[in-house]
Amino acid sequence: MSNPFVPDVDTLGNLKPISKVVFSLGSNQGNSVDILQSAVTALADTPDLIPVDLSSVYVTKPVGAVVDQPDFLNLVLVAETVIEPSILLERAHAIEAGLGRTRDIVGGPRTLDIDLVMYGHRTVDTDEMTLPHPRAHERAFALVPWLEIDPEAEIEGRGSVKDLLAGLDTSGVVRSDEVIELP
């Protein structure tokens, strides 16, 4: 896909590097298809964020502390940007809140979850964020859709998504007939 993106410049007039970013989106409350479509549209409407590819939708079993909840619909969006990771995370949280996300129960049901999985080859470890996402390499619900659209995908410091998936149980990740589209 050709990229019409025009590189940005920093305050010194230097070109900012364009970075590949990976978002994992999930929903298991409300009308998850509409919520995910709205989230993808909102991300695509973000200035200086250029969507590159969007995976199929997958039905996935909940993981973590609260497994007694409805299945999730999950997908992955790959984009390019010059936006700093902290700003992307703020944008993701604003989209989540705008679509009804509350943070009542850690790992519990949610209308929308947007994880920033990877930002180029950058590693970040702050109180607000860790990149690459600290559990992405363990999450088949994120890796299966990511591999679908990026067969050469790698997680910095962890290895190829294909190799990581070889060591995971993917039986709870099933491609759905639901369709979410880039605007």
# chains A, B, ... in the order shown; residues from 1 in each chain; ligands from 1
>>> residues_around(residues="range 136-143 of chain A", least_positions_apart="4", cutoff="9 Å", atoms="only C-alpha atoms", output="MDAnalysis selection string")
chainID A and resid 23:26 58:61 63 74:76 117:118 132 147:148 155 158:159 161:162 164:165 167:170 172:173
>>> write_last_selection(atoms="N, CA, C and O atoms", output="short mmCIF file (atom, residue, chain, number, x, y, z; two decimals), in the first residue's frame")
data_model
loop_
_atom_site.label_atom_id
_atom_site.label_comp_id
_atom_site.auth_asym_id
_atom_site.auth_seq_id
_atom_site.Cartn_x
_atom_site.Cartn_y
_atom_site.Cartn_z
N PHE A 23 -1.76 -1.83 17.14
CA PHE A 23 -2.81 -1.75 18.15
C PHE A 23 -3.58 -3.06 18.17
O PHE A 23 -3.92 -3.60 17.11
N SER A 24 -3.90 -3.54 19.36
CA SER A 24 -4.80 -4.67 19.53
C SER A 24 -6.08 -4.12 20.14
O SER A 24 -6.03 -3.43 21.15
N LEU A 25 -7.21 -4.43 19.52
CA LEU A 25 -8.50 -3.94 20.00
C LEU A 25 -9.39 -5.11 20.35
O LEU A 25 -9.40 -6.12 19.64
N GLY A 26 -10.15 -4.96 21.44
CA GLY A 26 -11.07 -6.00 21.85
C GLY A 26 -12.31 -5.43 22.51
O GLY A 26 -12.28 -4.34 23.08
N TYR A 58 -11.71 -11.70 15.22
CA TYR A 58 -11.59 -13.02 15.82
C TYR A 58 -12.42 -13.07 17.09
O TYR A 58 -12.44 -12.12 17.87
N VAL A 59 -13.10 -14.21 17.29
CA VAL A 59 -13.79 -14.48 18.55
C VAL A 59 -12.76 -15.16 19.44
O VAL A 59 -12.11 -16.13 19.03
N THR A 60 -12.60 -14.63 20.65
CA THR A 60 -11.57 -15.17 21.54
C THR A 60 -12.12 -15.38 22.95
O THR A 60 -12.98 -14.64 23.41
N LYS A 61 -11.58 -16.38 23.60
CA LYS A 61 -11.94 -16.66 24.98
C LYS A 61 -11.25 -15.64 25.88
O LYS A 61 -10.12 -15.24 25.63
N VAL A 63 -9.05 -14.16 28.87
CA VAL A 63 -7.86 -14.65 29.57
C VAL A 63 -7.64 -13.78 30.80
O VAL A 63 -8.16 -12.67 30.89
N ASN A 74 -11.86 -9.56 18.79
CA ASN A 74 -10.55 -8.92 18.75
C ASN A 74 -10.11 -8.71 17.32
O ASN A 74 -10.48 -9.46 16.41
N LEU A 75 -9.27 -7.70 17.13
CA LEU A 75 -8.63 -7.45 15.84
C LEU A 75 -7.35 -6.66 16.09
O LEU A 75 -7.11 -6.18 17.19
N VAL A 76 -6.55 -6.54 15.05
CA VAL A 76 -5.30 -5.78 15.12
C VAL A 76 -5.26 -4.77 13.99
O VAL A 76 -5.64 -5.07 12.85
N VAL A 117 0.56 -2.18 21.26
CA VAL A 117 1.38 -3.38 21.40
C VAL A 117 2.84 -3.08 21.10
O VAL A 117 3.74 -3.56 21.79
N MET A 118 3.08 -2.29 20.05
CA MET A 118 4.44 -2.06 19.60
C MET A 118 4.52 -0.69 18.94
O MET A 118 3.57 -0.24 18.30
N PRO A 132 7.75 -2.92 24.01
CA PRO A 132 6.50 -3.51 23.55
C PRO A 132 5.62 -3.89 24.74
O PRO A 132 6.08 -4.01 25.86
N LEU A 147 -0.43 -11.69 12.99
CA LEU A 147 0.27 -12.52 12.00
C LEU A 147 -0.49 -12.58 10.68
O LEU A 147 0.12 -12.62 9.61
N GLU A 148 -1.82 -12.56 10.76
CA GLU A 148 -2.64 -12.60 9.54
C GLU A 148 -2.26 -11.47 8.59
O GLU A 148 -2.19 -11.67 7.38
N ILE A 155 8.25 -9.01 17.68
CA ILE A 155 8.16 -8.22 18.90
C ILE A 155 9.59 -7.99 19.39
O ILE A 155 10.32 -8.97 19.65
N ARG A 158 11.63 -10.23 21.79
CA ARG A 158 10.91 -11.50 22.00
C ARG A 158 11.00 -12.45 20.82
O ARG A 158 10.91 -13.65 20.99
N GLY A 159 11.10 -11.91 19.61
CA GLY A 159 11.20 -12.75 18.43
C GLY A 159 10.02 -12.60 17.50
O GLY A 159 9.20 -11.69 17.65
N VAL A 161 6.53 -13.18 15.62
CA VAL A 161 5.18 -13.52 16.06
C VAL A 161 4.87 -14.96 15.68
O VAL A 161 4.27 -15.70 16.46
N LYS A 162 5.31 -15.38 14.52
CA LYS A 162 5.08 -16.76 14.08
C LYS A 162 5.69 -17.76 15.07
O LYS A 162 5.04 -18.72 15.48
N LEU A 164 6.53 -17.17 18.23
CA LEU A 164 5.86 -17.02 19.52
C LEU A 164 4.54 -17.80 19.53
O LEU A 164 4.20 -18.45 20.52
N LEU A 165 3.79 -17.72 18.43
CA LEU A 165 2.51 -18.42 18.35
C LEU A 165 2.68 -19.93 18.39
O LEU A 165 1.81 -20.64 18.87
N GLY A 167 4.35 -21.59 20.29
CA GLY A 167 4.38 -22.05 21.66
C GLY A 167 3.12 -21.74 22.45
O GLY A 167 3.09 -21.95 23.67
N LEU A 168 2.09 -21.23 21.78
CA LEU A 168 0.85 -20.85 22.48
C LEU A 168 -0.33 -21.71 22.05
O LEU A 168 -0.37 -22.21 20.92
N ASP A 169 -1.30 -21.84 22.93
CA ASP A 169 -2.56 -22.50 22.60
C ASP A 169 -3.43 -21.48 21.85
O ASP A 169 -3.82 -20.47 22.43
N THR A 170 -3.72 -21.74 20.60
CA THR A 170 -4.53 -20.83 19.79
C THR A 170 -5.95 -21.36 19.59
O THR A 170 -6.72 -20.77 18.83
N GLY A 172 -8.53 -21.11 21.35
CA GLY A 172 -9.57 -20.17 21.76
C GLY A 172 -9.65 -18.94 20.89
O GLY A 172 -10.31 -17.96 21.26
N VAL A 173 -8.99 -18.96 19.74
CA VAL A 173 -8.97 -17.82 18.82
C VAL A 173 -9.52 -18.29 17.48
O VAL A 173 -8.86 -19.03 16.75
#
>>> select_by_dssp(residues="range 12-108 of chain A", states="strand (DSSP E)", output="PyMOL selection string")
chain A and resi 19-27+49-54+58-60+72-81
>>> select_by_dssp(residues="range 128-183 of chain A", states="helix (DSSP H, G or I)", output="NGL selection string")
:A and (136-138 or 140-149 or 161-166)
>>> write_last_selection(atoms="N, CA, C and O atoms", output="PDB file, in the first residue's frame")
ATOM      1  N   ALA A 136       2.204  -9.069  25.372  1.00  0.00           N
ATOM      2  CA  ALA A 136       1.800  -9.343  23.988  1.00  0.00           C
ATOM      3  C   ALA A 136       2.307 -10.701  23.511  1.00  0.00           C
ATOM      4  O   ALA A 136       1.585 -11.413  22.807  1.00  0.00           O
ATOM      5  N   HIS A 137       3.504 -11.068  23.899  1.00  0.00           N
ATOM      6  CA  HIS A 137       4.095 -12.328  23.438  1.00  0.00           C
ATOM      7  C   HIS A 137       3.362 -13.557  23.975  1.00  0.00           C
ATOM      8  O   HIS A 137       3.555 -14.657  23.483  1.00  0.00           O
ATOM      9  N   GLU A 138       2.482 -13.369  24.964  1.00  0.00           N
ATOM     10  CA  GLU A 138       1.718 -14.459  25.570  1.00  0.00           C
ATOM     11  C   GLU A 138       0.273 -14.486  25.101  1.00  0.00           C
ATOM     12  O   GLU A 138      -0.492 -15.344  25.524  1.00  0.00           O
ATOM     13  N   ALA A 140      -2.389 -14.976  22.430  1.00  0.00           N
ATOM     14  CA  ALA A 140      -2.781 -15.473  21.113  1.00  0.00           C
ATOM     15  C   ALA A 140      -3.854 -14.589  20.495  1.00  0.00           C
ATOM     16  O   ALA A 140      -3.886 -14.414  19.272  1.00  0.00           O
ATOM     17  N   PHE A 141      -4.729 -13.978  21.328  1.00  0.00           N
ATOM     18  CA  PHE A 141      -5.795 -13.134  20.791  1.00  0.00           C
ATOM     19  C   PHE A 141      -5.253 -11.905  20.070  1.00  0.00           C
ATOM     20  O   PHE A 141      -5.938 -11.309  19.251  1.00  0.00           O
ATOM     21  N   ALA A 142      -4.031 -11.500  20.365  1.00  0.00           N
ATOM     22  CA  ALA A 142      -3.396 -10.383  19.656  1.00  0.00           C
ATOM     23  C   ALA A 142      -2.475 -10.888  18.555  1.00  0.00           C
ATOM     24  O   ALA A 142      -2.408 -10.305  17.465  1.00  0.00           O
ATOM     25  N   LEU A 143      -1.761 -11.973  18.817  1.00  0.00           N
ATOM     26  CA  LEU A 143      -0.763 -12.455  17.859  1.00  0.00           C
ATOM     27  C   LEU A 143      -1.375 -13.086  16.612  1.00  0.00           C
ATOM     28  O   LEU A 143      -0.862 -12.904  15.507  1.00  0.00           O
ATOM     29  N   VAL A 144      -2.467 -13.836  16.771  1.00  0.00           N
ATOM     30  CA  VAL A 144      -3.090 -14.486  15.603  1.00  0.00           C
ATOM     31  C   VAL A 144      -3.552 -13.444  14.585  1.00  0.00           C
ATOM     32  O   VAL A 144      -3.197 -13.532  13.400  1.00  0.00           O
ATOM     33  N   PRO A 145      -4.330 -12.423  14.988  1.00  0.00           N
ATOM     34  CA  PRO A 145      -4.732 -11.427  13.983  1.00  0.00           C
ATOM     35  C   PRO A 145      -3.557 -10.608  13.451  1.00  0.00           C
ATOM     36  O   PRO A 145      -3.534 -10.226  12.279  1.00  0.00           O
ATOM     37  N   TRP A 146      -2.556 -10.365  14.274  1.00  0.00           N
ATOM     38  CA  TRP A 146      -1.389  -9.617  13.817  1.00  0.00           C
ATOM     39  C   TRP A 146      -0.636 -10.399  12.748  1.00  0.00           C
ATOM     40  O   TRP A 146      -0.278  -9.866  11.705  1.00  0.00           O
ATOM     41  N   LEU A 147      -0.433 -11.686  12.986  1.00  0.00           N
ATOM     42  CA  LEU A 147       0.270 -12.521  12.005  1.00  0.00           C
ATOM     43  C   LEU A 147      -0.489 -12.585  10.684  1.00  0.00           C
ATOM     44  O   LEU A 147       0.122 -12.625   9.611  1.00  0.00           O
ATOM     45  N   GLU A 148      -1.825 -12.563  10.765  1.00  0.00           N
ATOM     46  CA  GLU A 148      -2.638 -12.599   9.538  1.00  0.00           C
ATOM     47  C   GLU A 148      -2.258 -11.471   8.587  1.00  0.00           C
ATOM     48  O   GLU A 148      -2.189 -11.670   7.376  1.00  0.00           O
ATOM     49  N   ILE A 149      -2.029 -10.268   9.120  1.00  0.00           N
ATOM     50  CA  ILE A 149      -1.780  -9.114   8.258  1.00  0.00           C
ATOM     51  C   ILE A 149      -0.301  -8.748   8.139  1.00  0.00           C
ATOM     52  O   ILE A 149       0.061  -7.919   7.309  1.00  0.00           O
ATOM     53  N   VAL A 161       6.529 -13.176  15.623  1.00  0.00           N
ATOM     54  CA  VAL A 161       5.176 -13.521  16.063  1.00  0.00           C
ATOM     55  C   VAL A 161       4.871 -14.964  15.679  1.00  0.00           C
ATOM     56  O   VAL A 161       4.265 -15.704  16.463  1.00  0.00           O
ATOM     57  N   LYS A 162       5.315 -15.383  14.522  1.00  0.00           N
ATOM     58  CA  LYS A 162       5.085 -16.763  14.081  1.00  0.00           C
ATOM     59  C   LYS A 162       5.692 -17.760  15.070  1.00  0.00           C
ATOM     60  O   LYS A 162       5.035 -18.719  15.479  1.00  0.00           O
ATOM     61  N   ASP A 163       6.934 -17.521  15.486  1.00  0.00           N
ATOM     62  CA  ASP A 163       7.583 -18.424  16.437  1.00  0.00           C
ATOM     63  C   ASP A 163       6.918 -18.354  17.809  1.00  0.00           C
ATOM     64  O   ASP A 163       6.777 -19.378  18.485  1.00  0.00           O
ATOM     65  N   LEU A 164       6.534 -17.168  18.233  1.00  0.00           N
ATOM     66  CA  LEU A 164       5.858 -17.025  19.519  1.00  0.00           C
ATOM     67  C   LEU A 164       4.540 -17.795  19.534  1.00  0.00           C
ATOM     68  O   LEU A 164       4.198 -18.447  20.520  1.00  0.00           O
ATOM     69  N   LEU A 165       3.793 -17.717  18.432  1.00  0.00           N
ATOM     70  CA  LEU A 165       2.511 -18.422  18.352  1.00  0.00           C
ATOM     71  C   LEU A 165       2.684 -19.932  18.386  1.00  0.00           C
ATOM     72  O   LEU A 165       1.808 -20.644  18.873  1.00  0.00           O
ATOM     73  N   ALA A 166       3.813 -20.422  17.880  1.00  0.00           N
ATOM     74  CA  ALA A 166       4.055 -21.867  17.881  1.00  0.00           C
ATOM     75  C   ALA A 166       4.061 -22.430  19.288  1.00  0.00           C
ATOM     76  O   ALA A 166       3.752 -23.614  19.490  1.00  0.00           O
TER      77      ALA A 166
END
>>> atom_distance(atom1="CA of Pro183 in chain A", atom2="CA of Asp48 in chain A")
15.3 Å
>>> atom_distance(atom1="CA of Gly120 in chain A", atom2="CA of Ser55 in chain A")
18.6 Å
>>> atom_distance(atom1="CA of Ser171 in chain A", atom2="CA of Lys20 in chain A")
28.5 Å
>>> residues_around(residues="range 109-115 of chain A", least_positions_apart="3", cutoff="8 Å", atoms="only C-alpha atoms", output="list in words")
Phe23, Ser24, Leu25, Gly26, Ser27, Asn28, Gln29, Gly30, Ser32, Ile35, Leu36, Gln69, Pro70, Ala92, His93, Glu96, Leu99, Gly100, Arg101, Thr102, Ile105 and His133 of chain A
>>> write_last_selection(atoms="C-alpha atoms", output="mmCIF file, in the first residue's frame")
data_model
loop_
_atom_site.group_PDB
_atom_site.id
_atom_site.type_symbol
_atom_site.label_atom_id
_atom_site.label_comp_id
_atom_site.auth_asym_id
_atom_site.auth_seq_id
_atom_site.Cartn_x
_atom_site.Cartn_y
_atom_site.Cartn_z
ATOM 1 C CA PHE A 23 -2.808 -1.747 18.149
ATOM 2 C CA SER A 24 -4.796 -4.673 19.529
ATOM 3 C CA LEU A 25 -8.497 -3.937 20.001
ATOM 4 C CA GLY A 26 -11.068 -6.005 21.846
ATOM 5 C CA SER A 27 -14.663 -5.785 23.060
ATOM 6 C CA ASN A 28 -17.077 -8.092 24.880
ATOM 7 C CA GLN A 29 -19.791 -5.703 26.108
ATOM 8 C CA GLY A 30 -22.493 -3.919 24.136
ATOM 9 C CA SER A 32 -18.952 -5.168 19.957
ATOM 10 C CA ILE A 35 -17.870 -0.453 19.019
ATOM 11 C CA LEU A 36 -14.842 -1.911 17.225
ATOM 12 C CA GLN A 69 -17.377 -13.386 31.076
ATOM 13 C CA PRO A 70 -18.526 -13.295 27.439
ATOM 14 C CA ALA A 92 -6.412 5.249 22.746
ATOM 15 C CA HIS A 93 -7.687 5.929 26.271
ATOM 16 C CA GLU A 96 -12.026 3.893 24.959
ATOM 17 C CA LEU A 99 -17.094 4.443 23.650
ATOM 18 C CA GLY A 100 -18.089 3.684 27.226
ATOM 19 C CA ARG A 101 -15.002 1.990 28.683
ATOM 20 C CA THR A 102 -14.804 1.934 32.452
ATOM 21 C CA ILE A 105 -12.514 -4.668 37.297
ATOM 22 C CA HIS A 133 3.388 -4.458 25.493
#
>>> closest_residue(among="A:Val33, A:Val22, A:Val57, A:Ala39", to="Arg175 in chain A", atoms="only C-alpha atoms")
A:Val57
>>> closest_residue(among="A:Ser160, A:Leu89, A:Ile95, A:Asp53", to="Thr130 in chain A", atoms="only C-alpha atoms")
A:Leu89
>>> closest_residue(among="A:Arg135, A:Val52, A:Val179, A:His121", to="Gly157 in chain A", atoms="only C-alpha atoms")
A:His121
>>> decode(residues="range 35-130 of chain A", atoms="C-alpha atoms", output="PDB file, in the first residue's frame")
ATOM      1  CA  ILE A  35     -17.870  -0.453  19.019  1.00  0.00           C
ATOM      2  CA  LEU A  36     -14.842  -1.911  17.225  1.00  0.00           C
ATOM      3  CA  GLN A  37     -15.823  -0.207  13.965  1.00  0.00           C
ATOM      4  CA  SER A  38     -16.146   3.115  15.791  1.00  0.00           C
ATOM      5  CA  ALA A  39     -12.757   2.607  17.450  1.00  0.00           C
ATOM      6  CA  VAL A  40     -11.039   1.773  14.148  1.00  0.00           C
ATOM      7  CA  THR A  41     -12.641   4.824  12.548  1.00  0.00           C
ATOM      8  CA  ALA A  42     -11.526   7.045  15.436  1.00  0.00           C
ATOM      9  CA  LEU A  43      -7.963   5.744  15.219  1.00  0.00           C
ATOM     10  CA  ALA A  44      -7.974   6.240  11.426  1.00  0.00           C
ATOM     11  CA  ASP A  45      -9.233   9.802  11.938  1.00  0.00           C
ATOM     12  CA  THR A  46      -6.303  10.595  14.234  1.00  0.00           C
ATOM     13  CA  PRO A  47      -4.090  13.225  12.568  1.00  0.00           C
ATOM     14  CA  ASP A  48      -0.638  11.863  11.660  1.00  0.00           C
ATOM     15  CA  LEU A  49      -1.731   8.247  12.124  1.00  0.00           C
ATOM     16  CA  ILE A  50      -1.957   6.402   8.813  1.00  0.00           C
ATOM     17  CA  PRO A  51      -3.632   2.970   8.897  1.00  0.00           C
ATOM     18  CA  VAL A  52      -1.697   0.383   6.908  1.00  0.00           C
ATOM     19  CA  ASP A  53      -3.703  -2.805   7.472  1.00  0.00           C
ATOM     20  CA  LEU A  54      -6.527  -4.229   9.539  1.00  0.00           C
ATOM     21  CA  SER A  55      -6.951  -7.873  10.488  1.00  0.00           C
ATOM     22  CA  SER A  56     -10.077  -9.941  10.370  1.00  0.00           C
ATOM     23  CA  VAL A  57     -12.221 -10.089  13.488  1.00  0.00           C
ATOM     24  CA  TYR A  58     -11.589 -13.022  15.820  1.00  0.00           C
ATOM     25  CA  VAL A  59     -13.786 -14.480  18.551  1.00  0.00           C
ATOM     26  CA  THR A  60     -11.570 -15.172  21.541  1.00  0.00           C
ATOM     27  CA  LYS A  61     -11.942 -16.664  24.984  1.00  0.00           C
ATOM     28  CA  PRO A  62     -11.265 -14.294  27.917  1.00  0.00           C
ATOM     29  CA  VAL A  63      -7.862 -14.648  29.572  1.00  0.00           C
ATOM     30  CA  GLY A  64      -6.566 -13.504  32.932  1.00  0.00           C
ATOM     31  CA  ALA A  65      -8.154 -13.315  36.343  1.00  0.00           C
ATOM     32  CA  VAL A  66     -11.793 -12.988  35.233  1.00  0.00           C
ATOM     33  CA  VAL A  67     -12.566 -15.779  32.779  1.00  0.00           C
ATOM     34  CA  ASP A  68     -16.284 -15.984  33.629  1.00  0.00           C
ATOM     35  CA  GLN A  69     -17.377 -13.386  31.076  1.00  0.00           C
ATOM     36  CA  PRO A  70     -18.526 -13.295  27.439  1.00  0.00           C
ATOM     37  CA  ASP A  71     -16.133 -14.062  24.594  1.00  0.00           C
ATOM     38  CA  PHE A  72     -14.317 -11.120  23.048  1.00  0.00           C
ATOM     39  CA  LEU A  73     -14.163  -9.867  19.509  1.00  0.00           C
ATOM     40  CA  ASN A  74     -10.550  -8.920  18.751  1.00  0.00           C
ATOM     41  CA  LEU A  75      -8.630  -7.446  15.845  1.00  0.00           C
ATOM     42  CA  VAL A  76      -5.298  -5.777  15.122  1.00  0.00           C
ATOM     43  CA  LEU A  77      -4.621  -2.485  13.366  1.00  0.00           C
ATOM     44  CA  VAL A  78      -1.163  -1.715  11.964  1.00  0.00           C
ATOM     45  CA  ALA A  79      -0.429   1.927  11.227  1.00  0.00           C
ATOM     46  CA  GLU A  80       2.412   4.371  10.640  1.00  0.00           C
ATOM     47  CA  THR A  81       2.925   7.559  12.610  1.00  0.00           C
ATOM     48  CA  VAL A  82       5.222  10.265  13.914  1.00  0.00           C
ATOM     49  CA  ILE A  83       3.073  10.709  17.041  1.00  0.00           C
ATOM     50  CA  GLU A  84       4.920   9.980  20.273  1.00  0.00           C
ATOM     51  CA  PRO A  85       3.854   6.772  22.081  1.00  0.00           C
ATOM     52  CA  SER A  86       2.537   8.630  25.145  1.00  0.00           C
ATOM     53  CA  ILE A  87       0.238  10.719  22.928  1.00  0.00           C
ATOM     54  CA  LEU A  88      -0.970   7.575  21.120  1.00  0.00           C
ATOM     55  CA  LEU A  89      -1.769   5.980  24.466  1.00  0.00           C
ATOM     56  CA  GLU A  90      -3.720   9.087  25.532  1.00  0.00           C
ATOM     57  CA  ARG A  91      -5.626   8.944  22.235  1.00  0.00           C
ATOM     58  CA  ALA A  92      -6.412   5.249  22.746  1.00  0.00           C
ATOM     59  CA  HIS A  93      -7.687   5.929  26.271  1.00  0.00           C
ATOM     60  CA  ALA A  94      -9.822   8.829  25.026  1.00  0.00           C
ATOM     61  CA  ILE A  95     -11.373   6.597  22.347  1.00  0.00           C
ATOM     62  CA  GLU A  96     -12.026   3.893  24.959  1.00  0.00           C
ATOM     63  CA  ALA A  97     -13.706   6.401  27.290  1.00  0.00           C
ATOM     64  CA  GLY A  98     -15.736   7.899  24.458  1.00  0.00           C
ATOM     65  CA  LEU A  99     -17.094   4.443  23.650  1.00  0.00           C
ATOM     66  CA  GLY A 100     -18.089   3.684  27.226  1.00  0.00           C
ATOM     67  CA  ARG A 101     -15.002   1.990  28.683  1.00  0.00           C
ATOM     68  CA  THR A 102     -14.804   1.934  32.452  1.00  0.00           C
ATOM     69  CA  ARG A 103     -11.931   0.483  34.466  1.00  0.00           C
ATOM     70  CA  ASP A 104     -13.864  -1.103  37.328  1.00  0.00           C
ATOM     71  CA  ILE A 105     -12.514  -4.668  37.297  1.00  0.00           C
ATOM     72  CA  VAL A 106      -8.988  -5.425  36.137  1.00  0.00           C
ATOM     73  CA  GLY A 107      -9.290  -8.054  33.404  1.00  0.00           C
ATOM     74  CA  GLY A 108     -13.072  -7.845  33.546  1.00  0.00           C
ATOM     75  CA  PRO A 109     -15.642  -7.340  30.802  1.00  0.00           C
ATOM     76  CA  ARG A 110     -15.274  -4.145  28.796  1.00  0.00           C
ATOM     77  CA  THR A 111     -16.870  -2.272  25.969  1.00  0.00           C
ATOM     78  CA  LEU A 112     -13.474  -1.543  24.465  1.00  0.00           C
ATOM     79  CA  ASP A 113      -9.830  -2.247  25.123  1.00  0.00           C
ATOM     80  CA  ILE A 114      -7.154  -0.676  22.916  1.00  0.00           C
ATOM     81  CA  ASP A 115      -3.603  -1.806  23.614  1.00  0.00           C
ATOM     82  CA  LEU A 116      -0.581  -0.181  22.014  1.00  0.00           C
ATOM     83  CA  VAL A 117       1.375  -3.378  21.396  1.00  0.00           C
ATOM     84  CA  MET A 118       4.437  -2.059  19.603  1.00  0.00           C
ATOM     85  CA  TYR A 119       5.936   1.227  18.458  1.00  0.00           C
ATOM     86  CA  GLY A 120       8.659   0.627  15.867  1.00  0.00           C
ATOM     87  CA  HIS A 121      11.753  -0.785  17.531  1.00  0.00           C
ATOM     88  CA  ARG A 122      11.328   1.494  20.515  1.00  0.00           C
ATOM     89  CA  THR A 123      11.273   0.206  24.048  1.00  0.00           C
ATOM     90  CA  VAL A 124       9.591   2.243  26.766  1.00  0.00           C
ATOM     91  CA  ASP A 125       9.315   1.451  30.454  1.00  0.00           C
ATOM     92  CA  THR A 126       7.544   4.138  32.461  1.00  0.00           C
ATOM     93  CA  ASP A 127       4.778   4.187  35.061  1.00  0.00           C
ATOM     94  CA  GLU A 128       2.284   4.930  32.268  1.00  0.00           C
ATOM     95  CA  MET A 129       3.421   2.468  29.607  1.00  0.00           C
ATOM     96  CA  THR A 130       5.664  -0.431  28.687  1.00  0.00           C
TER      97      THR A 130
END
